[in-house]
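One structure below.
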Amino acid sequence: MTKRPEFGSALILAGGQSSRMGFDKQFLSFDGERLVNHLVQQLRPHFADILLVTNKAQEHDIPGIRLIQDIYPGKGPLAGIHAGLSHSQSQYLFVIACDMPYLSPEYLRYQKQQLLKAEVDILTNQDEERFIYPFHSFYSLALLDSLEAHLLQDNLKVQRFVRQAKHRMIPRAIWSQFPNTAHLFLNLNTPEDVQAYLEMR
(Lines give C-alpha, C1' and ligand atoms only; values in the text may rest on other atoms or scores of the structure.)
Protein backbone atom coordinates (compact mmCIF):
# COMPACT_ATOMS: atom_id res chain seq x y z
CA MET A 1 0.00 0.00 0.00
CA THR A 2 1.40 3.37 -1.06
CA LYS A 3 2.10 5.74 1.80
CA ARG A 4 0.13 8.95 1.56
CA PRO A 5 2.06 12.22 1.33
CA GLU A 6 2.07 14.39 4.43
CA PHE A 7 0.33 17.29 2.68
CA GLY A 8 -1.83 17.78 -0.39
CA SER A 9 -5.50 17.90 0.63
CA ALA A 10 -7.41 20.93 1.88
CA LEU A 11 -11.00 21.10 3.09
CA ILE A 12 -13.44 24.00 2.94
CA LEU A 13 -16.30 23.61 5.42
CA ALA A 14 -19.51 24.91 3.86
CA GLY A 15 -22.19 23.73 6.24
CA GLY A 16 -23.84 25.20 9.28
CA GLN A 17 -27.13 26.91 9.91
CA SER A 18 -26.01 30.50 9.10
CA SER A 19 -28.80 31.68 11.41
CA ARG A 20 -27.10 34.95 12.33
CA MET A 21 -26.39 35.83 8.70
CA GLY A 22 -29.96 35.36 7.50
CA PHE A 23 -28.92 33.30 4.46
CA ASP A 24 -26.57 30.42 3.69
CA LYS A 25 -23.00 31.65 4.12
CA GLN A 26 -21.61 29.29 1.51
CA PHE A 27 -23.17 31.60 -1.08
CA LEU A 28 -21.56 34.81 0.20
CA SER A 29 -20.42 36.85 -2.80
CA PHE A 30 -18.19 39.88 -3.28
CA ASP A 31 -17.67 41.70 -6.58
CA GLY A 32 -19.66 39.04 -8.39
CA GLU A 33 -17.59 36.13 -7.08
CA ARG A 34 -18.56 33.69 -4.37
CA LEU A 35 -16.24 33.75 -1.39
CA VAL A 36 -15.88 29.97 -1.57
CA ASN A 37 -14.61 30.27 -5.16
CA HIS A 38 -12.12 32.92 -3.99
CA LEU A 39 -10.93 30.56 -1.26
CA VAL A 40 -10.40 27.79 -3.80
CA GLN A 41 -8.20 30.11 -5.87
CA GLN A 42 -6.15 30.99 -2.78
CA LEU A 43 -5.70 27.31 -1.90
CA ARG A 44 -4.78 26.02 -5.38
CA PRO A 45 -1.06 27.01 -5.28
CA HIS A 46 -0.62 25.11 -2.01
CA PHE A 47 -2.85 22.02 -2.31
CA ALA A 48 -3.36 19.66 -5.25
CA ASP A 49 -6.59 18.25 -3.81
CA ILE A 50 -9.33 20.62 -2.64
CA LEU A 51 -12.50 19.33 -0.99
CA LEU A 52 -15.71 21.23 -0.33
CA VAL A 53 -18.04 19.62 2.20
CA THR A 54 -21.54 20.90 1.50
CA ASN A 55 -25.16 19.83 1.70
CA LYS A 56 -25.87 21.74 -1.52
CA ALA A 57 -23.42 20.23 -3.97
CA GLN A 58 -25.78 20.77 -6.89
CA GLU A 59 -25.49 24.54 -6.38
CA HIS A 60 -21.71 24.64 -6.77
CA ASP A 61 -19.85 24.56 -10.06
CA ILE A 62 -16.14 24.88 -9.30
CA PRO A 63 -13.82 23.02 -11.68
CA GLY A 64 -11.08 20.87 -10.22
CA ILE A 65 -12.42 20.33 -6.70
CA ARG A 66 -14.20 17.44 -5.03
CA LEU A 67 -17.65 17.97 -3.54
CA ILE A 68 -18.39 15.75 -0.55
CA GLN A 69 -21.13 15.42 2.08
CA ASP A 70 -21.14 14.80 5.81
CA ILE A 71 -21.23 11.13 6.74
CA TYR A 72 -22.98 12.23 9.94
CA PRO A 73 -25.26 15.09 8.81
CA GLY A 74 -26.39 17.84 11.14
CA LYS A 75 -23.51 17.47 13.59
CA GLY A 76 -21.59 20.64 12.83
CA PRO A 77 -17.93 21.30 12.01
CA LEU A 78 -16.64 18.08 13.60
CA ALA A 79 -18.74 16.11 11.12
CA GLY A 80 -17.30 18.17 8.28
CA ILE A 81 -13.74 17.51 9.44
CA HIS A 82 -14.57 13.79 9.75
CA ALA A 83 -15.95 13.73 6.20
CA GLY A 84 -12.90 15.58 4.92
CA LEU A 85 -10.47 13.20 6.58
CA SER A 86 -12.45 10.25 5.21
CA HIS A 87 -11.72 11.55 1.69
CA SER A 88 -8.27 13.04 2.27
CA GLN A 89 -5.46 12.01 -0.06
CA SER A 90 -2.80 13.18 2.41
CA GLN A 91 -1.84 12.32 5.96
CA TYR A 92 -2.68 15.83 7.16
CA LEU A 93 -5.75 17.76 6.04
CA PHE A 94 -5.79 21.55 6.02
CA VAL A 95 -9.18 22.86 7.20
CA ILE A 96 -10.70 26.29 6.64
CA ALA A 97 -14.29 27.57 6.75
CA CYS A 98 -16.23 29.00 3.82
CA ASP A 99 -16.77 32.32 5.62
CA MET A 100 -13.05 33.00 6.24
CA PRO A 101 -11.80 35.42 3.56
CA TYR A 102 -8.10 35.33 4.41
CA LEU A 103 -5.27 32.87 3.88
CA SER A 104 -1.63 33.50 4.81
CA PRO A 105 0.73 31.52 2.52
CA GLU A 106 3.72 32.41 4.70
CA TYR A 107 2.03 31.22 7.87
CA LEU A 108 0.77 28.13 6.04
CA ARG A 109 4.35 27.18 5.16
CA TYR A 110 5.38 27.70 8.77
CA GLN A 111 2.52 25.49 9.96
CA LYS A 112 3.64 22.67 7.69
CA GLN A 113 7.21 22.93 8.97
CA GLN A 114 6.08 22.90 12.58
CA LEU A 115 3.71 19.99 12.05
CA LEU A 116 6.51 17.77 10.77
CA LYS A 117 8.58 18.61 13.85
CA ALA A 118 5.83 18.40 16.46
CA GLU A 119 4.48 14.86 15.84
CA VAL A 120 0.92 15.82 16.78
CA ASP A 121 -2.49 15.05 15.28
CA ILE A 122 -3.75 18.65 15.31
CA LEU A 123 -1.82 21.83 14.67
CA THR A 124 -4.00 24.81 15.45
CA ASN A 125 -3.97 28.40 16.68
CA GLN A 126 -4.57 30.16 19.97
CA ASP A 127 -4.99 33.74 21.18
CA GLU A 128 -3.58 35.24 24.36
CA GLU A 129 -6.69 34.19 26.30
CA ARG A 130 -6.21 30.55 25.23
CA PHE A 131 -9.17 30.65 22.83
CA ILE A 132 -8.63 28.15 20.01
CA TYR A 133 -9.02 29.12 16.36
CA PRO A 134 -9.69 25.64 14.95
CA PHE A 135 -9.54 26.60 11.27
CA HIS A 136 -6.55 27.54 9.11
CA SER A 137 -5.36 24.40 10.91
CA PHE A 138 -4.21 20.86 10.15
CA TYR A 139 -5.86 17.58 11.22
CA SER A 140 -4.36 14.08 10.93
CA LEU A 141 -5.93 10.94 9.50
CA ALA A 142 -5.14 9.35 12.86
CA LEU A 143 -8.13 11.25 14.29
CA LEU A 144 -10.79 9.42 12.28
CA ASP A 145 -11.78 6.86 14.92
CA SER A 146 -11.81 9.44 17.71
CA LEU A 147 -13.88 11.84 15.61
CA GLU A 148 -16.41 9.13 14.83
CA ALA A 149 -16.72 8.28 18.54
CA HIS A 150 -17.35 11.93 19.41
CA LEU A 151 -19.98 12.23 16.67
CA LEU A 152 -21.79 9.07 17.75
CA GLN A 153 -21.90 10.36 21.33
CA ASP A 154 -22.96 13.88 20.25
CA ASN A 155 -19.79 15.39 21.73
CA LEU A 156 -19.68 18.06 19.06
CA LYS A 157 -17.62 20.93 20.48
CA VAL A 158 -14.56 21.49 18.33
CA GLN A 159 -12.53 23.20 21.05
CA ARG A 160 -13.07 20.30 23.44
CA PHE A 161 -12.10 17.77 20.78
CA VAL A 162 -8.90 19.67 19.99
CA ARG A 163 -7.86 19.86 23.63
CA GLN A 164 -8.42 16.11 24.11
CA ALA A 165 -6.38 15.18 21.03
CA LYS A 166 -2.61 15.15 20.64
CA HIS A 167 -2.23 18.77 19.60
CA ARG A 168 -0.01 21.78 19.41
CA MET A 169 -1.24 25.36 19.68
CA ILE A 170 0.62 28.15 17.92
CA PRO A 171 0.17 31.29 20.05
CA ARG A 172 -0.71 34.74 18.78
CA ALA A 173 2.80 35.95 19.66
CA ILE A 174 4.07 33.73 16.83
CA TRP A 175 1.33 33.68 14.18
CA SER A 176 0.74 37.43 14.35
CA GLN A 177 4.30 38.01 13.08
CA PHE A 178 3.45 36.60 9.65
CA PRO A 179 2.07 38.66 6.75
CA ASN A 180 -1.70 38.75 6.20
CA THR A 181 -2.57 37.50 9.69
CA ALA A 182 -4.17 40.63 11.20
CA HIS A 183 -7.63 39.32 10.27
CA LEU A 184 -6.68 35.71 9.51
CA PHE A 185 -9.33 34.15 11.75
CA LEU A 186 -12.14 36.51 10.82
CA ASN A 187 -15.46 34.70 10.36
CA LEU A 188 -18.27 36.41 8.50
CA ASN A 189 -21.12 35.34 10.77
CA THR A 190 -23.41 38.38 10.61
CA PRO A 191 -24.27 41.23 8.21
CA GLU A 192 -22.22 43.46 10.53
CA ASP A 193 -19.19 41.21 10.01
CA VAL A 194 -19.66 41.51 6.26
CA GLN A 195 -19.85 45.30 6.48
CA ALA A 196 -16.68 45.41 8.59
CA TYR A 197 -14.91 43.17 6.07
CA LEU A 198 -15.95 45.40 3.18
CA GLU A 199 -14.58 48.43 4.99
CA MET A 200 -11.18 46.83 5.63
CA ARG A 201 -10.64 45.46 2.10
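As shown in the C-alpha coordinates, the chain order sets the letters A, B, ...; within each chain, residues go from 1, and ligands are also counted from 1 in the order they appear.
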TODO: Find the spatial neighbours of segment 133-138 of chain A, counting only C-alpha atoms, within a cut-off of 6 Å - ignore same-chain residues fewer than 5 positions away - and output them as a VMD selection string.
DONE: chain A and resid 93 to 96 122 to 126
Open item on the list: If you run DSSP on the backbone here, which positions in chain A get strand (DSSP E)? Please write them as a ChimeraX atom specification.
Closed with: /A:9-14,29-30,33-34,49-54,66-68,92-97,122-126,132-140,167-171
TODO: Name the residues of segment 56-152 of chain A that come out as alpha helix (DSSP H) in a backbone DSSP run; write them as a ChimeraX atom specification.
DONE: /A:76-87,105-118,144-152
List as a Markdown table every residue of segment 104-162 of chain A that is in contact with segment 71-80 of chain A, defined as an atom at most 12 Å from one of its atoms (using only C-alpha atoms), together with the nearest atom pair and the distance in Å rounded to one decimal, sorted by chain and then rising number.
| residue | atom | partner | partner_atom | distance |
| --- | --- | --- | --- | --- |
| A:Pro134 | CA | A:Pro77 | CA | 9.8 |
| A:Phe135 | CA | A:Pro77 | CA | 9.9 |
| A:Tyr139 | CA | A:Leu78 | CA | 11.1 |
| A:Leu143 | CA | A:Leu78 | CA | 10.9 |
| A:Leu144 | CA | A:Ala79 | CA | 10.5 |
| A:Ser146 | CA | A:Leu78 | CA | 10.7 |
| A:Leu147 | CA | A:Leu78 | CA | 7.1 |
| A:Glu148 | CA | A:Ala79 | CA | 8.2 |
| A:Ala149 | CA | A:Ala79 | CA | 11.0 |
| A:His150 | CA | A:Leu78 | CA | 8.5 |
| A:Leu151 | CA | A:Ala79 | CA | 6.9 |
| A:Leu152 | CA | A:Tyr72 | CA | 8.5 |
| A:Gln153 | CA | A:Lys75 | CA | 10.6 |
| A:Asp154 | CA | A:Lys75 | CA | 7.6 |
| A:Asn155 | CA | A:Leu78 | CA | 9.1 |
| A:Leu156 | CA | A:Leu78 | CA | 6.2 |
| A:Lys157 | CA | A:Leu78 | CA | 7.5 |
| A:Val158 | CA | A:Leu78 | CA | 6.2 |
| A:Gln159 | CA | A:Leu78 | CA | 9.9 |
| A:Arg160 | CA | A:Leu78 | CA | 10.7 |
| A:Phe161 | CA | A:Leu78 | CA | 8.5 |
| A:Val162 | CA | A:Leu78 | CA | 10.2 |
Task: Exercise: segment 83-89 of chain A partners within 8 Å, only C-alpha atoms, chain neighbours under 3 positions left out, as a list in words - done: Arg4, Pro5, Gly8, Ser9, Ala10, Leu11, Asp49, Leu51, Val53, Ile68, Gln69, Asp70, Ile71, Ala79, Gly80, Tyr92, Leu93, Tyr139, Ser140, Leu141 and Leu144 of chain A
Task: Counting only C-alpha atoms, the residue of A:Ile170, A:Leu188, A:Ala14, A:Leu52 that sits nearest Lys112 of chain A - done: A:Ile170
- [ ] Excluding segment 33-45 of chain A and any residue of its chain fewer than 4 positions from it, enumerate the residues within 9 Å of it, using only C-alpha atoms, and give them as a PyMOL selection string.
- [x] chain A and resi 10+12+14+25-29+49-50+52+62+65+96-103+105
Restrict the selected residues to N, CA and C atoms and save them as a PDB file, in the first residue's frame.
ATOM      1  N   ALA A  10      -6.853  19.834   1.084  1.00  0.00           N
ATOM      2  CA  ALA A  10      -7.410  20.935   1.875  1.00  0.00           C
ATOM      3  C   ALA A  10      -8.926  20.846   1.832  1.00  0.00           C
ATOM      4  N   ILE A  12     -12.634  22.814   2.632  1.00  0.00           N
ATOM      5  CA  ILE A  12     -13.439  23.997   2.939  1.00  0.00           C
ATOM      6  C   ILE A  12     -14.754  23.515   3.536  1.00  0.00           C
ATOM      7  N   ALA A  14     -18.430  24.056   4.358  1.00  0.00           N
ATOM      8  CA  ALA A  14     -19.508  24.911   3.857  1.00  0.00           C
ATOM      9  C   ALA A  14     -20.851  24.419   4.358  1.00  0.00           C
ATOM     10  N   LYS A  25     -24.286  30.976   4.289  1.00  0.00           N
ATOM     11  CA  LYS A  25     -22.998  31.651   4.116  1.00  0.00           C
ATOM     12  C   LYS A  25     -22.154  31.074   2.986  1.00  0.00           C
ATOM     13  N   GLN A  26     -22.419  29.847   2.585  1.00  0.00           N
ATOM     14  CA  GLN A  26     -21.605  29.289   1.508  1.00  0.00           C
ATOM     15  C   GLN A  26     -21.855  29.986   0.177  1.00  0.00           C
ATOM     16  N   PHE A  27     -22.879  30.850   0.145  1.00  0.00           N
ATOM     17  CA  PHE A  27     -23.170  31.598  -1.075  1.00  0.00           C
ATOM     18  C   PHE A  27     -22.820  33.081  -0.952  1.00  0.00           C
ATOM     19  N   LEU A  28     -22.057  33.445   0.076  1.00  0.00           N
ATOM     20  CA  LEU A  28     -21.559  34.814   0.205  1.00  0.00           C
ATOM     21  C   LEU A  28     -20.791  35.201  -1.055  1.00  0.00           C
ATOM     22  N   SER A  29     -21.090  36.390  -1.587  1.00  0.00           N
ATOM     23  CA  SER A  29     -20.419  36.848  -2.803  1.00  0.00           C
ATOM     24  C   SER A  29     -19.915  38.271  -2.638  1.00  0.00           C
ATOM     25  N   ASP A  49      -5.277  18.879  -3.997  1.00  0.00           N
ATOM     26  CA  ASP A  49      -6.590  18.249  -3.807  1.00  0.00           C
ATOM     27  C   ASP A  49      -7.426  19.133  -2.884  1.00  0.00           C
ATOM     28  N   ILE A  50      -8.479  19.729  -3.428  1.00  0.00           N
ATOM     29  CA  ILE A  50      -9.329  20.625  -2.640  1.00  0.00           C
ATOM     30  C   ILE A  50     -10.722  20.014  -2.529  1.00  0.00           C
ATOM     31  N   LEU A  52     -14.677  20.351  -0.874  1.00  0.00           N
ATOM     32  CA  LEU A  52     -15.710  21.231  -0.329  1.00  0.00           C
ATOM     33  C   LEU A  52     -16.793  20.347   0.257  1.00  0.00           C
ATOM     34  N   ILE A  62     -17.528  24.421  -9.413  1.00  0.00           N
ATOM     35  CA  ILE A  62     -16.143  24.883  -9.298  1.00  0.00           C
ATOM     36  C   ILE A  62     -15.251  23.801  -9.888  1.00  0.00           C
ATOM     37  N   ILE A  65     -12.318  20.651  -8.118  1.00  0.00           N
ATOM     38  CA  ILE A  65     -12.417  20.329  -6.696  1.00  0.00           C
ATOM     39  C   ILE A  65     -13.354  19.135  -6.522  1.00  0.00           C
ATOM     40  N   ILE A  96     -10.312  24.886   6.561  1.00  0.00           N
ATOM     41  CA  ILE A  96     -10.698  26.290   6.640  1.00  0.00           C
ATOM     42  C   ILE A  96     -12.204  26.363   6.416  1.00  0.00           C
ATOM     43  N   ALA A  97     -12.841  27.428   6.890  1.00  0.00           N
ATOM     44  CA  ALA A  97     -14.295  27.571   6.754  1.00  0.00           C
ATOM     45  C   ALA A  97     -14.631  28.470   5.570  1.00  0.00           C
ATOM     46  N   CYS A  98     -15.823  28.277   5.028  1.00  0.00           N
ATOM     47  CA  CYS A  98     -16.232  28.997   3.817  1.00  0.00           C
ATOM     48  C   CYS A  98     -16.453  30.483   4.052  1.00  0.00           C
ATOM     49  N   ASP A  99     -16.528  30.904   5.326  1.00  0.00           N
ATOM     50  CA  ASP A  99     -16.766  32.323   5.621  1.00  0.00           C
ATOM     51  C   ASP A  99     -15.503  33.019   6.125  1.00  0.00           C
ATOM     52  N   MET A 100     -14.334  32.415   5.849  1.00  0.00           N
ATOM     53  CA  MET A 100     -13.051  33.002   6.243  1.00  0.00           C
ATOM     54  C   MET A 100     -12.357  33.537   4.987  1.00  0.00           C
ATOM     55  N   PRO A 101     -12.307  34.853   4.816  1.00  0.00           N
ATOM     56  CA  PRO A 101     -11.804  35.417   3.560  1.00  0.00           C
ATOM     57  C   PRO A 101     -10.292  35.363   3.387  1.00  0.00           C
ATOM     58  N   TYR A 102      -9.554  35.144   4.476  1.00  0.00           N
ATOM     59  CA  TYR A 102      -8.104  35.331   4.406  1.00  0.00           C
ATOM     60  C   TYR A 102      -7.329  34.021   4.530  1.00  0.00           C
ATOM     61  N   LEU A 103      -6.233  33.967   3.793  1.00  0.00           N
ATOM     62  CA  LEU A 103      -5.275  32.870   3.883  1.00  0.00           C
ATOM     63  C   LEU A 103      -3.884  33.498   3.891  1.00  0.00           C
ATOM     64  N   PRO A 105      -0.191  32.539   3.051  1.00  0.00           N
ATOM     65  CA  PRO A 105       0.728  31.524   2.521  1.00  0.00           C
ATOM     66  C   PRO A 105       1.989  31.364   3.369  1.00  0.00           C
TER      67      PRO A 105
END
- [ ] Could you jot down the atom CA of Leu108 of chain A to atom CA of Gln164 of chain A separation for me, Å, one decimal place?
- [x] 23.6 Å
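Coordinates place atom CA of Glu6 of chain A at a distance of 8.4 Å from atom CA of Leu116 of chain A.
Restricting the calculation to only C-alpha atoms, the smallest distance between Phe185 of chain A and any of A:His46, A:Arg163, A:Arg172, A:Arg130 is found for A:Arg172.
One distance worth recording is that between atom CA of Asp121 of chain A and atom CA of Arg109 of chain A, which is 17.2 Å.
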TODO: Go through A:Pro171, A:Pro191, A:Pro179, A:Gly15 and flag the residue nearest Lys56 of chain A, using only C-alpha atoms for the distances.
DONE: A:Gly15
- [ ] Write out as number ranges by chain each polymer residue whose atoms come within 12 Å of Arg201 of chain A, counting only C-alpha atoms; drop sequence neighbours fewer than 5 positions from it.
- [x] A: 30-31, 101-102, 180, 183, 194-196
